[in-house]
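Text of protein02.txt, listed as compact mmCIF, C-alpha atoms (C1' of nucleotides) and all ligand atoms:
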```txt
# COMPACT_ATOMS: atom_id res chain seq x y z
CA MET H 1 -1.73 -11.10 -46.64
CA LEU H 2 -0.15 -14.01 -44.86
CA GLY H 3 1.14 -13.32 -41.40
CA THR H 4 0.28 -9.63 -41.49
CA LYS H 5 -1.66 -9.16 -38.30
CA LYS H 6 -2.69 -5.80 -36.98
CA MET H 7 -0.06 -4.74 -34.49
CA PHE H 8 -0.31 -2.12 -31.79
CA SER H 9 2.28 -0.01 -30.09
CA ILE H 10 2.13 0.18 -26.32
CA GLY H 11 0.45 3.57 -26.67
CA ASP H 12 -2.25 2.14 -28.95
CA LEU H 13 -2.88 -0.60 -26.45
CA SER H 14 -3.05 1.96 -23.67
CA ARG H 15 -5.66 4.04 -25.49
CA ARG H 16 -7.77 1.00 -26.35
CA THR H 17 -7.77 -0.37 -22.83
CA ARG H 18 -7.39 2.81 -20.80
CA VAL H 19 -4.54 1.10 -18.99
CA LYS H 20 -1.61 3.45 -18.64
CA VAL H 21 1.60 2.72 -20.49
CA PRO H 22 3.80 2.17 -17.42
CA THR H 23 1.12 -0.13 -16.03
CA ILE H 24 1.27 -2.27 -19.15
CA ARG H 25 5.00 -2.62 -18.74
CA PHE H 26 4.43 -3.41 -15.09
CA TYR H 27 2.02 -6.19 -16.00
CA GLU H 28 4.56 -7.63 -18.38
CA GLU H 29 7.20 -7.61 -15.69
CA LYS H 30 4.82 -9.36 -13.32
CA GLY H 31 4.02 -12.02 -15.89
CA LEU H 32 0.41 -11.07 -16.52
CA LEU H 33 1.16 -10.20 -20.11
CA PRO H 34 3.60 -12.21 -22.20
CA ARG H 35 6.63 -10.40 -23.55
CA PRO H 36 5.55 -9.08 -26.92
CA ASP H 37 7.51 -8.98 -30.15
CA ARG H 38 9.72 -5.98 -30.66
CA THR H 39 10.48 -3.79 -33.64
CA ALA H 40 14.03 -3.53 -34.96
CA GLY H 41 14.30 -0.48 -32.72
CA ASN H 42 13.26 -2.46 -29.62
CA GLN H 43 9.74 -1.09 -29.27
CA ARG H 44 6.93 -3.40 -28.20
CA ARG H 45 4.34 -4.50 -30.73
CA TYR H 46 1.16 -6.21 -29.59
CA ASP H 47 -1.50 -8.27 -31.36
CA GLU H 48 -5.22 -8.83 -30.77
CA THR H 49 -4.56 -11.60 -28.28
CA ALA H 50 -2.62 -9.25 -26.06
CA LEU H 51 -5.35 -6.65 -26.38
CA LYS H 52 -8.00 -9.12 -25.22
CA ARG H 53 -5.85 -10.31 -22.39
CA LEU H 54 -5.27 -6.78 -21.19
CA LEU H 55 -8.98 -5.98 -21.38
CA PHE H 56 -9.63 -9.05 -19.26
CA ILE H 57 -7.08 -7.91 -16.69
CA ARG H 58 -8.51 -4.42 -16.69
CA HIS H 59 -12.00 -5.63 -16.04
CA CYS H 60 -10.90 -7.90 -13.24
CA ARG H 61 -9.03 -5.02 -11.64
CA ASP H 62 -12.09 -2.82 -11.99
CA LEU H 63 -13.98 -5.49 -10.12
CA GLY H 64 -11.46 -5.22 -7.33
CA LEU H 65 -9.60 -8.48 -7.79
CA PRO H 66 -6.01 -8.52 -6.58
CA LEU H 67 -3.47 -9.26 -9.28
CA ALA H 68 -2.74 -12.66 -7.78
CA ASP H 69 -6.33 -13.69 -8.45
CA VAL H 70 -6.21 -12.21 -11.92
CA VAL H 71 -3.19 -14.42 -12.55
CA GLY H 72 -5.21 -17.36 -11.26
CA LEU H 73 -8.04 -16.59 -13.65
CA LEU H 74 -5.73 -16.05 -16.60
CA SER H 75 -4.21 -19.44 -15.96
CA LEU H 76 -7.64 -21.00 -16.43
CA GLU H 77 -7.71 -20.06 -20.07
CA GLY H 78 -8.36 -23.25 -21.96
CA ALA H 79 -9.05 -25.19 -18.77
CA SER H 80 -12.01 -27.54 -18.41
CA GLY H 81 -13.78 -29.72 -15.88
CA THR H 82 -13.21 -29.21 -12.20
CA ASP H 83 -10.25 -26.92 -12.81
CA LEU H 84 -12.81 -24.26 -13.63
CA ASP H 85 -14.22 -24.46 -10.11
CA ARG H 86 -11.29 -22.26 -9.22
CA ALA H 87 -13.04 -19.36 -10.96
CA HIS H 88 -16.05 -19.82 -8.69
CA GLU H 89 -13.84 -19.90 -5.64
CA ILE H 90 -12.19 -16.67 -6.63
CA ALA H 91 -15.52 -14.99 -7.24
CA GLU H 92 -16.92 -16.18 -3.93
CA LYS H 93 -13.89 -15.14 -2.02
CA GLN H 94 -13.94 -11.69 -3.57
CA LEU H 95 -17.60 -11.33 -2.81
CA ALA H 96 -17.15 -12.33 0.81
CA ASP H 97 -14.24 -9.94 1.09
CA LEU H 98 -16.27 -7.16 -0.41
CA ARG H 99 -19.18 -7.69 1.96
CA ASP H 100 -16.85 -7.72 4.86
CA ARG H 101 -15.26 -4.47 3.79
CA ILE H 102 -18.62 -2.85 3.20
CA SER H 103 -19.89 -3.72 6.65
CA ARG H 104 -16.70 -2.47 8.20
CA LEU H 105 -16.89 0.80 6.34
CA GLN H 106 -20.51 1.14 7.35
CA SER H 107 -19.69 0.93 11.01
CA LEU H 108 -16.99 3.49 10.49
CA GLU H 109 -19.57 5.68 8.83
CA THR H 110 -21.77 5.41 11.89
CA GLU H 111 -18.97 6.46 14.19
CA LEU H 112 -17.75 9.28 12.01
CA THR H 113 -21.22 10.66 11.60
CA ARG H 114 -21.57 10.81 15.34
CA ILE H 115 -18.13 12.35 15.76
CA SER H 116 -18.83 14.92 13.09
CA LYS H 117 -21.97 16.06 14.80
CA ALA H 118 -20.46 16.12 18.28
CA CYS H 119 -19.33 19.73 18.19
CA ASP H 120 -21.48 22.85 18.10
CA GLY H 121 -18.75 24.80 16.33
CA LYS H 122 -18.28 27.31 19.12
CA HIS H 123 -14.61 26.90 19.60
CA ASP H 124 -14.18 28.88 22.75
CA HIS H 125 -11.97 26.37 24.39
CA VAL H 126 -12.16 22.92 22.92
CA CYS H 127 -13.53 21.05 19.95
CA ALA H 128 -15.72 18.06 20.63
CA VAL H 129 -14.86 16.60 17.23
CA LEU H 130 -11.19 16.68 18.07
CA HIS H 131 -11.89 15.11 21.41
CA ALA H 132 -14.08 12.41 19.90
CA PHE H 133 -11.34 11.43 17.47
CA GLY H 134 -9.26 10.34 20.40
CA ASP H 135 -11.95 8.78 22.53
CA HIS H 136 -13.18 5.31 21.80
CA SER H 137 -15.46 5.10 24.80
CA GLU H 138 -18.35 6.78 22.98
CA CYS H 139 -18.13 4.40 20.03
CA LYS H 140 -20.84 1.85 19.47
CA GLY H 141 -18.81 -0.92 17.88
CA SER H 142 -15.24 -2.05 18.19
CA HIS H 143 -14.29 -0.95 14.66
CA SER H 144 -10.71 -2.15 15.01
CA ASN H 145 -8.61 -3.66 12.22
CA MET P 1 8.82 11.67 44.77
CA LEU P 2 9.78 14.59 42.60
CA GLY P 3 10.32 13.87 38.92
CA THR P 4 9.71 10.17 39.20
CA LYS P 5 7.12 9.56 36.54
CA LYS P 6 6.00 6.16 35.51
CA MET P 7 7.98 5.20 32.46
CA PHE P 8 7.20 2.55 29.88
CA SER P 9 9.39 0.53 27.63
CA ILE P 10 8.34 0.30 24.00
CA GLY P 11 6.94 -3.16 24.74
CA ASP P 12 4.81 -1.81 27.58
CA LEU P 13 3.49 0.89 25.32
CA SER P 14 2.75 -1.70 22.67
CA ARG P 15 0.74 -3.85 25.06
CA ARG P 16 -1.22 -0.91 26.41
CA THR P 17 -2.14 0.45 22.99
CA ARG P 18 -2.13 -2.72 20.90
CA VAL P 19 0.13 -0.93 18.47
CA LYS P 20 2.99 -3.17 17.42
CA VAL P 21 6.51 -2.30 18.45
CA PRO P 22 7.89 -1.70 14.94
CA THR P 23 4.88 0.48 14.23
CA ILE P 24 5.66 2.66 17.24
CA ARG P 25 9.18 3.16 15.92
CA PHE P 26 7.71 3.89 12.53
CA TYR P 27 5.47 6.59 13.99
CA GLU P 28 8.45 8.13 15.70
CA GLU P 29 10.37 8.20 12.45
CA LYS P 30 7.42 9.84 10.73
CA GLY P 31 7.16 12.46 13.41
CA LEU P 32 3.84 11.38 14.91
CA LEU P 33 5.47 10.58 18.20
CA PRO P 34 8.27 12.70 19.66
CA ARG P 35 11.60 11.02 20.23
CA PRO P 36 11.42 9.70 23.77
CA ASP P 37 14.10 9.70 26.40
CA ARG P 38 16.50 6.80 26.36
CA THR P 39 18.07 4.69 29.06
CA ALA P 40 21.83 4.62 29.45
CA GLY P 41 21.71 1.59 27.21
CA ASN P 42 19.83 3.46 24.46
CA GLN P 43 16.41 1.94 25.00
CA ARG P 44 13.29 4.08 24.63
CA ARG P 45 11.36 5.10 27.73
CA TYR P 46 7.93 6.67 27.41
CA ASP P 47 5.70 8.64 29.77
CA GLU P 48 1.92 9.05 30.11
CA THR P 49 1.85 11.81 27.53
CA ALA P 50 3.29 9.53 24.89
CA LEU P 51 0.82 6.84 25.86
CA LYS P 52 -2.12 9.17 25.38
CA ARG P 53 -0.79 10.44 22.13
CA LEU P 54 -0.36 6.92 20.79
CA LEU P 55 -3.88 5.98 21.88
CA PHE P 56 -5.14 8.99 19.98
CA ILE P 57 -3.25 7.93 16.87
CA ARG P 58 -4.50 4.39 17.20
CA HIS P 59 -8.10 5.47 17.42
CA CYS P 60 -7.80 7.77 14.44
CA ARG P 61 -6.26 4.96 12.43
CA ASP P 62 -9.06 2.64 13.50
CA LEU P 63 -11.44 5.23 12.15
CA GLY P 64 -9.69 5.04 8.83
CA LEU P 65 -7.88 8.36 8.84
CA PRO P 66 -4.69 8.52 6.80
CA LEU P 67 -1.59 9.37 8.81
CA ALA P 68 -1.39 12.80 7.19
CA ASP P 69 -4.74 13.68 8.71
CA VAL P 70 -3.73 12.24 12.05
CA VAL P 71 -0.74 14.55 11.93
CA GLY P 72 -3.13 17.39 11.19
CA LEU P 73 -5.27 16.56 14.19
CA LEU P 74 -2.29 16.11 16.48
CA SER P 75 -1.10 19.55 15.52
CA LEU P 76 -4.36 20.98 16.83
CA GLU P 77 -3.51 20.07 20.38
CA GLY P 78 -3.81 23.22 22.37
CA ALA P 79 -5.31 25.13 19.46
CA SER P 80 -8.36 27.34 19.85
CA GLY P 81 -10.78 29.44 17.85
CA THR P 82 -11.09 28.95 14.14
CA ASP P 83 -8.01 26.76 13.99
CA LEU P 84 -10.18 24.03 15.39
CA ASP P 85 -12.40 24.17 12.34
CA ARG P 86 -9.71 22.07 10.72
CA ALA P 87 -10.87 19.12 12.80
CA HIS P 88 -14.35 19.45 11.35
CA GLU P 89 -12.95 19.61 7.83
CA ILE P 90 -10.98 16.44 8.38
CA ALA P 91 -14.01 14.66 9.76
CA GLU P 92 -16.21 15.79 6.89
CA LYS P 93 -13.69 14.84 4.29
CA GLN P 94 -13.23 11.40 5.79
CA LEU P 95 -16.96 10.91 5.95
CA ALA P 96 -17.42 11.91 2.33
CA ASP P 97 -14.59 9.63 1.34
CA LEU P 98 -16.08 6.79 3.28
CA ARG P 99 -19.49 7.20 1.69
CA ASP P 100 -17.94 7.29 -1.71
CA ARG P 101 -16.01 4.11 -1.07
CA ILE P 102 -19.06 2.37 0.31
CA SER P 103 -21.16 3.17 -2.72
CA ARG P 104 -18.39 2.04 -5.02
CA LEU P 105 -18.00 -1.22 -3.16
CA GLN P 106 -21.74 -1.70 -3.27
CA SER P 107 -21.85 -1.49 -7.02
CA LEU P 108 -18.99 -3.95 -7.18
CA GLU P 109 -21.01 -6.22 -4.94
CA THR P 110 -23.90 -6.06 -7.37
CA GLU P 111 -21.71 -7.01 -10.30
CA LEU P 112 -19.89 -9.76 -8.48
CA THR P 113 -23.10 -11.27 -7.24
CA ARG P 114 -24.35 -11.48 -10.80
CA ILE P 115 -21.05 -12.88 -12.04
CA SER P 116 -20.99 -15.45 -9.27
CA LYS P 117 -24.41 -16.73 -10.18
CA ALA P 118 -23.77 -16.76 -13.91
CA CYS P 119 -22.52 -20.31 -14.13
CA ASP P 120 -24.47 -23.51 -13.50
CA GLY P 121 -21.31 -25.34 -12.48
CA LYS P 122 -21.43 -27.88 -15.28
CA HIS P 123 -18.01 -27.31 -16.63
CA ASP P 124 -18.26 -29.30 -19.80
CA HIS P 125 -16.58 -26.71 -21.91
CA VAL P 126 -16.56 -23.26 -20.44
CA CYS P 127 -17.28 -21.42 -17.22
CA ALA P 128 -19.68 -18.52 -17.35
CA VAL P 129 -18.09 -17.02 -14.26
CA LEU P 130 -14.73 -16.97 -15.97
CA HIS P 131 -16.28 -15.44 -19.03
CA ALA P 132 -18.14 -12.81 -17.05
CA PHE P 133 -14.94 -11.71 -15.34
CA GLY P 134 -13.66 -10.56 -18.69
CA ASP P 135 -16.84 -9.10 -20.09
CA HIS P 136 -18.00 -5.68 -19.07
CA SER P 137 -20.95 -5.56 -21.44
CA GLU P 138 -23.23 -7.34 -18.97
CA CYS P 139 -22.39 -4.96 -16.14
CA LYS P 140 -24.98 -2.50 -14.95
CA GLY P 141 -22.75 0.35 -13.88
CA SER P 142 -19.40 1.60 -15.05
CA HIS P 143 -17.57 0.57 -11.85
CA SER P 144 -14.22 1.90 -13.05
CA ASN P 145 -11.57 3.55 -10.88
C1' DA K 1 27.95 -11.23 41.05
C1' DC K 2 26.75 -13.99 37.21
C1' DT K 3 24.06 -16.00 33.86
C1' DT K 4 20.39 -16.54 30.88
C1' DG K 5 16.50 -15.40 28.11
C1' DA K 6 13.46 -11.94 26.79
C1' DA K 7 13.21 -7.64 25.01
C1' DC K 8 15.52 -4.12 22.88
C1' DC K 9 18.54 -1.65 19.21
C1' DT K 10 19.52 -0.25 13.99
C1' DC K 11 19.24 -1.15 9.34
C1' DT K 12 17.56 -3.14 5.15
C1' DA K 13 14.18 -4.94 2.37
C1' DG K 14 9.58 -6.46 1.22
C1' DT K 15 4.37 -5.84 0.69
C1' DA K 16 0.29 -4.00 -3.45
C1' DA K 17 -0.18 -1.86 -7.49
C1' DC K 18 1.21 1.23 -9.54
C1' DT K 19 3.20 6.36 -10.75
C1' DA K 20 6.77 9.78 -11.77
C1' DG K 21 10.93 11.22 -13.58
C1' DA K 22 15.62 11.13 -15.79
C1' DG K 23 18.17 10.56 -19.77
C1' DG K 24 18.29 8.84 -24.15
C1' DA K 25 16.70 6.33 -28.68
C1' DA K 26 13.07 5.34 -32.23
C1' DT K 27 9.23 6.51 -34.95
C1' DT K 28 6.14 9.42 -37.52
C1' DA K 29 4.57 13.46 -39.85
C1' DC K 30 5.56 17.27 -42.62
C1' DG G 1 15.69 16.20 -43.11
C1' DT G 2 14.15 17.69 -39.03
C1' DA G 3 11.08 18.19 -35.27
C1' DA G 4 7.50 16.43 -32.30
C1' DT G 5 5.90 12.58 -30.27
C1' DT G 6 6.39 8.25 -28.51
C1' DC G 7 9.12 4.87 -26.98
C1' DC G 8 13.06 2.59 -24.17
C1' DT G 9 15.31 1.29 -19.39
C1' DC G 10 16.14 2.22 -14.80
C1' DT G 11 15.47 4.17 -10.31
C1' DA G 12 12.78 5.79 -6.75
C1' DG G 13 8.49 7.22 -4.49
C1' DT G 14 3.71 6.26 -2.81
C1' DT G 15 0.87 4.12 2.07
C1' DA G 16 1.37 2.13 6.31
C1' DC G 17 3.38 -0.85 7.89
C1' DT G 18 5.86 -5.89 8.59
C1' DA G 19 9.74 -9.19 8.72
C1' DG G 20 14.28 -10.40 9.38
C1' DA G 21 19.38 -10.14 10.36
C1' DG G 22 22.80 -9.40 13.54
C1' DG G 23 23.96 -7.47 17.69
C1' DT G 24 23.11 -5.17 22.64
C1' DT G 25 20.70 -4.37 27.06
C1' DC G 26 17.68 -5.40 30.68
C1' DA G 27 15.53 -7.96 34.47
C1' DA G 28 15.10 -11.97 37.04
C1' DG G 29 16.80 -15.86 39.26
C1' DT G 30 20.53 -18.10 41.60
ZN ZN B 1 -15.42 21.65 16.91
ZN ZN B 2 -13.87 4.10 18.58
ZN ZN B 3 -18.35 -22.06 -13.83
ZN ZN B 4 -17.93 -4.48 -15.78
```

Reformat the file's structure so that it appears as C-alpha cells.
Amino acid sequence: MLGTKKMFSIGDLSRRTRVKVPTIRFYEEKGLLPRPDRTAGNQRRYDETALKRLLFIRHCRDLGLPLADVVGLLSLEGASGTDLDRAHEIAEKQLADLRDRISRLQSLETELTRISKACDGKHDHVCAVLHAFGDHSECKGSHSN
Amino acid sequence: MLGTKKMFSIGDLSRRTRVKVPTIRFYEEKGLLPRPDRTAGNQRRYDETALKRLLFIRHCRDLGLPLADVVGLLSLEGASGTDLDRAHEIAEKQLADLRDRISRLQSLETELTRISKACDGKHDHVCAVLHAFGDHSECKGSHSN
DNA sequence: ACTTGAACCTCTAGTAACTAGAGGAATTAC
DNA sequence: GTAATTCCTCTAGTTACTAGAGGTTCAAGT
C-alpha cells in the first residue's frame, strides 16, 4: 500500500466540491490549483490535497472574495507571525467593501421603490414609471457610481 | 435661423452627461444611441435629442439596470396603452433582484463579521481568520451562489 | 494663412470569473 | 469489443466598459 493514494478525476473533484469542471481547469490555468498528475492518456488525477485546496477556494468565492484575494490567502498556507496579518487585512477589506455595496444597494432600493409606485397604471398617455427612470430630480440621494 | 440646432461634439456630450467618451461610442455600437451626423472630417455631432437620450441611459444605469433593460425602456418611447406595462415589469424585476442581492450580501456580512473576529491576532502558529475562510461548518447560512 | 495642441477617429485587446461549444481521444461498464 | 460517458484542448462569448496605439481633424492664437 505504499504510494497508493486515492486519486480523483476532474469530474470526481467537481462533484465533491460542486465546482464545475471547466472552472477547475480555469483555476489551474490561473495558478490557483497546481497542475495535477496525468494518466497515461493525459487525463488529470487529483489527490486529497487538491480537494482541500479547491474546497478552500470554493468557500472563499462563496464569501465573495475576488480570486486575487483567494490567491493571497492560499499563499499564506504555512505562514506564521506577522505574515498572517494579511488574512485579517483581506477580511477587513472584504467586509468594508460588502458594507459599502449594501448601503449603495439600499439607496437604490429606496429610489426604485418610489419609481415603481409612481404610476397609477392608467396608461392613457404616459407612464410615470418610465418618466421617473429618466428623471433624477425626484431622487433623494445621488446614487451614482 | 432655420435648421441651425445646437450641436455637440462627443466631448461636450461627455461633459454634460458625465458619461465617458469611449462609453458613448460603445453605446452607439450597441444600438442604444443612434449614429449621429458627422462633420466633413468624420467627427460625431450630437443634438439635444441625443443628449436627453444619453441622460436617460445614464440614470437607468445609475439605478442599476442592465443595458438590455435600458434598451427595453428606450423602445417604449412614444408607446401607449398596455405596452407601457413593460416599464412596470422592468421596475419590479429590478426591485426584486435588488432585494435578493441585498439579503445575500447581508448574510455574507454576517459570516464575514464572525470570521473577522475569530482570531485574537496572536499569530504564534495559526490564524483563525485564515482557517475560518476555508471552513464552512461554522457558517450560519448556506450563502452559496 | 499657418501652426500647434487638444480633441477626435478606428481598431484591438484587456478586465472578472467564468460558461459554452466544437471536434476528438480516453476511460469505464457491460 | 463496443458503446456511453467522461475527458482533452482550443476558441469564443458573457457584461459593461476601459486603455492604448497610431493617425486625423478641429479650434484658437498669431
Ligand atoms: Zn405606468
Ligand atoms: Zn436618480
Ligand atoms: Zn489571525
Ligand atoms: Zn460558509

Exercise. Give as number ranges by chain the residues surrounding ligand ZN 4 (chain B) up to a distance of 10 Å, considering only C-alpha atoms (C1' of nucleotides) and all ligand atoms.
Key: H: 58-63; P: 108, 111-112, 115, 132-144

Please write the residues from the selection above to a file, keeping C-alpha atoms, as a PDB file, in the frame of the given file.
```pdb
ATOM      1  CA  ARG H  58      -8.510  -4.420 -16.690  1.00  0.00           C
ATOM      2  CA  HIS H  59     -12.000  -5.630 -16.040  1.00  0.00           C
ATOM      3  CA  CYS H  60     -10.900  -7.900 -13.240  1.00  0.00           C
ATOM      4  CA  ARG H  61      -9.030  -5.020 -11.640  1.00  0.00           C
ATOM      5  CA  ASP H  62     -12.090  -2.820 -11.990  1.00  0.00           C
ATOM      6  CA  LEU H  63     -13.980  -5.490 -10.120  1.00  0.00           C
TER       7      LEU H  63
ATOM      8  CA  LEU P 108     -18.990  -3.950  -7.180  1.00  0.00           C
ATOM      9  CA  GLU P 111     -21.710  -7.010 -10.300  1.00  0.00           C
ATOM     10  CA  LEU P 112     -19.890  -9.760  -8.480  1.00  0.00           C
ATOM     11  CA  ILE P 115     -21.050 -12.880 -12.040  1.00  0.00           C
ATOM     12  CA  ALA P 132     -18.140 -12.810 -17.050  1.00  0.00           C
ATOM     13  CA  PHE P 133     -14.940 -11.710 -15.340  1.00  0.00           C
ATOM     14  CA  GLY P 134     -13.660 -10.560 -18.690  1.00  0.00           C
ATOM     15  CA  ASP P 135     -16.840  -9.100 -20.090  1.00  0.00           C
ATOM     16  CA  HIS P 136     -18.000  -5.680 -19.070  1.00  0.00           C
ATOM     17  CA  SER P 137     -20.950  -5.560 -21.440  1.00  0.00           C
ATOM     18  CA  GLU P 138     -23.230  -7.340 -18.970  1.00  0.00           C
ATOM     19  CA  CYS P 139     -22.390  -4.960 -16.140  1.00  0.00           C
ATOM     20  CA  LYS P 140     -24.980  -2.500 -14.950  1.00  0.00           C
ATOM     21  CA  GLY P 141     -22.750   0.350 -13.880  1.00  0.00           C
ATOM     22  CA  SER P 142     -19.400   1.600 -15.050  1.00  0.00           C
ATOM     23  CA  HIS P 143     -17.570   0.570 -11.850  1.00  0.00           C
ATOM     24  CA  SER P 144     -14.220   1.900 -13.050  1.00  0.00           C
TER      25      SER P 144
END
```

Find the residues near ligand ZN 3 (chain B). Use a cut-off of 10 Å, count only C-alpha atoms (C1' of nucleotides) and all ligand atoms, and write them as a ChimeraX atom specification.
-> /H:80-89 /P:115-132

Please identify every residue of segment 26-133 of chain H that has at least one atom no farther than 12 Å from an atom of segment 1-22 of chain K, counting only C-alpha atoms (C1' of nucleotides), and for each give the shortest atom pair and the distance in Å to one decimal, arranged by chain then increasing number, as CSV.
```
residue,atom,partner,partner_atom,distance
H:Phe26,CA,K:DC18,C1',7.9
H:Tyr27,CA,K:DA17,C1',9.8
H:Lys30,CA,K:DA17,C1',10.7
H:Arg61,CA,K:DA17,C1',10.3
H:Gly64,CA,K:DA17,C1',11.8
H:Leu65,CA,K:DA17,C1',11.5
H:Pro66,CA,K:DA16,C1',8.4
H:Leu67,CA,K:DA17,C1',8.3
H:Ala68,CA,K:DA16,C1',10.1
```

Could you write out chain P as a compact mmCIF listing (two decimals) with C-alpha atoms, keeping the file's coordinate frame once it has been least-squares superposed on chain H using every ordered C-alpha pair?
```txt
# COMPACT_ATOMS: atom_id res chain seq x y z
CA MET P 1 -1.96 -11.25 -46.70
CA LEU P 2 -0.40 -14.12 -44.84
CA GLY P 3 0.99 -13.37 -41.40
CA THR P 4 0.19 -9.69 -41.50
CA LYS P 5 -1.70 -9.17 -38.29
CA LYS P 6 -2.67 -5.82 -37.00
CA MET P 7 -0.05 -4.77 -34.51
CA PHE P 8 -0.29 -2.14 -31.81
CA SER P 9 2.30 -0.03 -30.14
CA ILE P 10 2.15 0.18 -26.36
CA GLY P 11 0.48 3.58 -26.72
CA ASP P 12 -2.22 2.13 -28.97
CA LEU P 13 -2.85 -0.61 -26.48
CA SER P 14 -3.02 1.96 -23.71
CA ARG P 15 -5.63 4.02 -25.53
CA ARG P 16 -7.75 1.00 -26.39
CA THR P 17 -7.76 -0.38 -22.85
CA ARG P 18 -7.37 2.80 -20.81
CA VAL P 19 -4.52 1.11 -19.01
CA LYS P 20 -1.58 3.46 -18.67
CA VAL P 21 1.62 2.72 -20.52
CA PRO P 22 3.83 2.19 -17.45
CA THR P 23 1.17 -0.10 -16.05
CA ILE P 24 1.28 -2.26 -19.17
CA ARG P 25 5.03 -2.62 -18.74
CA PHE P 26 4.45 -3.39 -15.10
CA TYR P 27 2.03 -6.18 -15.99
CA GLU P 28 4.57 -7.61 -18.38
CA GLU P 29 7.22 -7.59 -15.69
CA LYS P 30 4.84 -9.34 -13.32
CA GLY P 31 4.04 -11.98 -15.87
CA LEU P 32 0.41 -11.04 -16.52
CA LEU P 33 1.17 -10.19 -20.10
CA PRO P 34 3.61 -12.20 -22.21
CA ARG P 35 6.64 -10.39 -23.55
CA PRO P 36 5.56 -9.10 -26.94
CA ASP P 37 7.52 -9.00 -30.14
CA ARG P 38 9.74 -6.01 -30.66
CA THR P 39 10.53 -3.85 -33.65
CA ALA P 40 14.08 -3.64 -34.94
CA GLY P 41 14.39 -0.61 -32.72
CA ASN P 42 13.30 -2.54 -29.61
CA GLN P 43 9.80 -1.15 -29.29
CA ARG P 44 6.95 -3.41 -28.19
CA ARG P 45 4.36 -4.52 -30.74
CA TYR P 46 1.18 -6.22 -29.61
CA ASP P 47 -1.48 -8.28 -31.37
CA GLU P 48 -5.21 -8.84 -30.79
CA THR P 49 -4.55 -11.59 -28.29
CA ALA P 50 -2.60 -9.25 -26.06
CA LEU P 51 -5.34 -6.66 -26.39
CA LYS P 52 -7.98 -9.10 -25.23
CA ARG P 53 -5.86 -10.30 -22.40
CA LEU P 54 -5.25 -6.77 -21.18
CA LEU P 55 -8.96 -5.97 -21.39
CA PHE P 56 -9.61 -9.02 -19.25
CA ILE P 57 -7.07 -7.87 -16.69
CA ARG P 58 -8.50 -4.38 -16.69
CA HIS P 59 -12.00 -5.60 -16.04
CA CYS P 60 -10.90 -7.88 -13.23
CA ARG P 61 -9.03 -5.00 -11.64
CA ASP P 62 -12.09 -2.80 -11.98
CA LEU P 63 -13.97 -5.47 -10.11
CA GLY P 64 -11.48 -5.20 -7.31
CA LEU P 65 -9.60 -8.45 -7.78
CA PRO P 66 -6.01 -8.48 -6.57
CA LEU P 67 -3.45 -9.21 -9.28
CA ALA P 68 -2.74 -12.63 -7.77
CA ASP P 69 -6.32 -13.64 -8.44
CA VAL P 70 -6.20 -12.18 -11.92
CA VAL P 71 -3.18 -14.37 -12.54
CA GLY P 72 -5.21 -17.30 -11.26
CA LEU P 73 -8.04 -16.56 -13.65
CA LEU P 74 -5.73 -16.01 -16.59
CA SER P 75 -4.21 -19.39 -15.96
CA LEU P 76 -7.63 -20.95 -16.45
CA GLU P 77 -7.70 -20.03 -20.10
CA GLY P 78 -8.35 -23.19 -21.97
CA ALA P 79 -9.03 -25.15 -18.80
CA SER P 80 -11.99 -27.48 -18.45
CA GLY P 81 -13.77 -29.66 -15.94
CA THR P 82 -13.20 -29.17 -12.26
CA ASP P 83 -10.26 -26.86 -12.85
CA LEU P 84 -12.81 -24.22 -13.67
CA ASP P 85 -14.22 -24.44 -10.17
CA ARG P 86 -11.30 -22.23 -9.24
CA ALA P 87 -13.04 -19.33 -10.96
CA HIS P 88 -16.05 -19.79 -8.71
CA GLU P 89 -13.84 -19.88 -5.64
CA ILE P 90 -12.18 -16.64 -6.63
CA ALA P 91 -15.52 -14.99 -7.23
CA GLU P 92 -16.92 -16.19 -3.92
CA LYS P 93 -13.88 -15.13 -2.00
CA GLN P 94 -13.93 -11.68 -3.54
CA LEU P 95 -17.61 -11.34 -2.79
CA ALA P 96 -17.14 -12.34 0.82
CA ASP P 97 -14.24 -9.95 1.11
CA LEU P 98 -16.27 -7.18 -0.39
CA ARG P 99 -19.17 -7.71 1.97
CA ASP P 100 -16.84 -7.73 4.89
CA ARG P 101 -15.25 -4.48 3.83
CA ILE P 102 -18.61 -2.87 3.23
CA SER P 103 -19.88 -3.73 6.68
CA ARG P 104 -16.68 -2.49 8.24
CA LEU P 105 -16.88 0.78 6.36
CA GLN P 106 -20.50 1.11 7.38
CA SER P 107 -19.69 0.91 11.04
CA LEU P 108 -16.97 3.48 10.52
CA GLU P 109 -19.56 5.66 8.85
CA THR P 110 -21.77 5.40 11.90
CA GLU P 111 -18.98 6.45 14.22
CA LEU P 112 -17.76 9.26 12.03
CA THR P 113 -21.23 10.64 11.61
CA ARG P 114 -21.59 10.81 15.37
CA ILE P 115 -18.14 12.34 15.78
CA SER P 116 -18.85 14.90 13.10
CA LYS P 117 -22.00 16.05 14.81
CA ALA P 118 -20.48 16.12 18.28
CA CYS P 119 -19.35 19.72 18.21
CA ASP P 120 -21.52 22.84 18.09
CA GLY P 121 -18.77 24.79 16.34
CA LYS P 122 -18.31 27.33 19.10
CA HIS P 123 -14.64 26.90 19.58
CA ASP P 124 -14.20 28.89 22.73
CA HIS P 125 -11.96 26.38 24.36
CA VAL P 126 -12.16 22.92 22.91
CA CYS P 127 -13.57 21.04 19.95
CA ALA P 128 -15.75 18.05 20.64
CA VAL P 129 -14.90 16.60 17.25
CA LEU P 130 -11.22 16.69 18.09
CA HIS P 131 -11.93 15.11 21.43
CA ALA P 132 -14.11 12.41 19.94
CA PHE P 133 -11.38 11.43 17.50
CA GLY P 134 -9.28 10.34 20.44
CA ASP P 135 -11.97 8.76 22.56
CA HIS P 136 -13.21 5.30 21.83
CA SER P 137 -15.49 5.07 24.84
CA GLU P 138 -18.37 6.75 23.00
CA CYS P 139 -18.14 4.39 20.04
CA LYS P 140 -20.85 1.83 19.50
CA GLY P 141 -18.83 -0.93 17.91
CA SER P 142 -15.26 -2.05 18.22
CA HIS P 143 -14.29 -0.96 14.68
CA SER P 144 -10.70 -2.16 15.03
CA ASN P 145 -8.60 -3.71 12.27
```

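Of the residues listed (G:DT14, G:DT25, G:DT2, G:DT9), G:DT9 shows the shortest atom-to-atom separation from chain H; distances use all atoms listed in the file.
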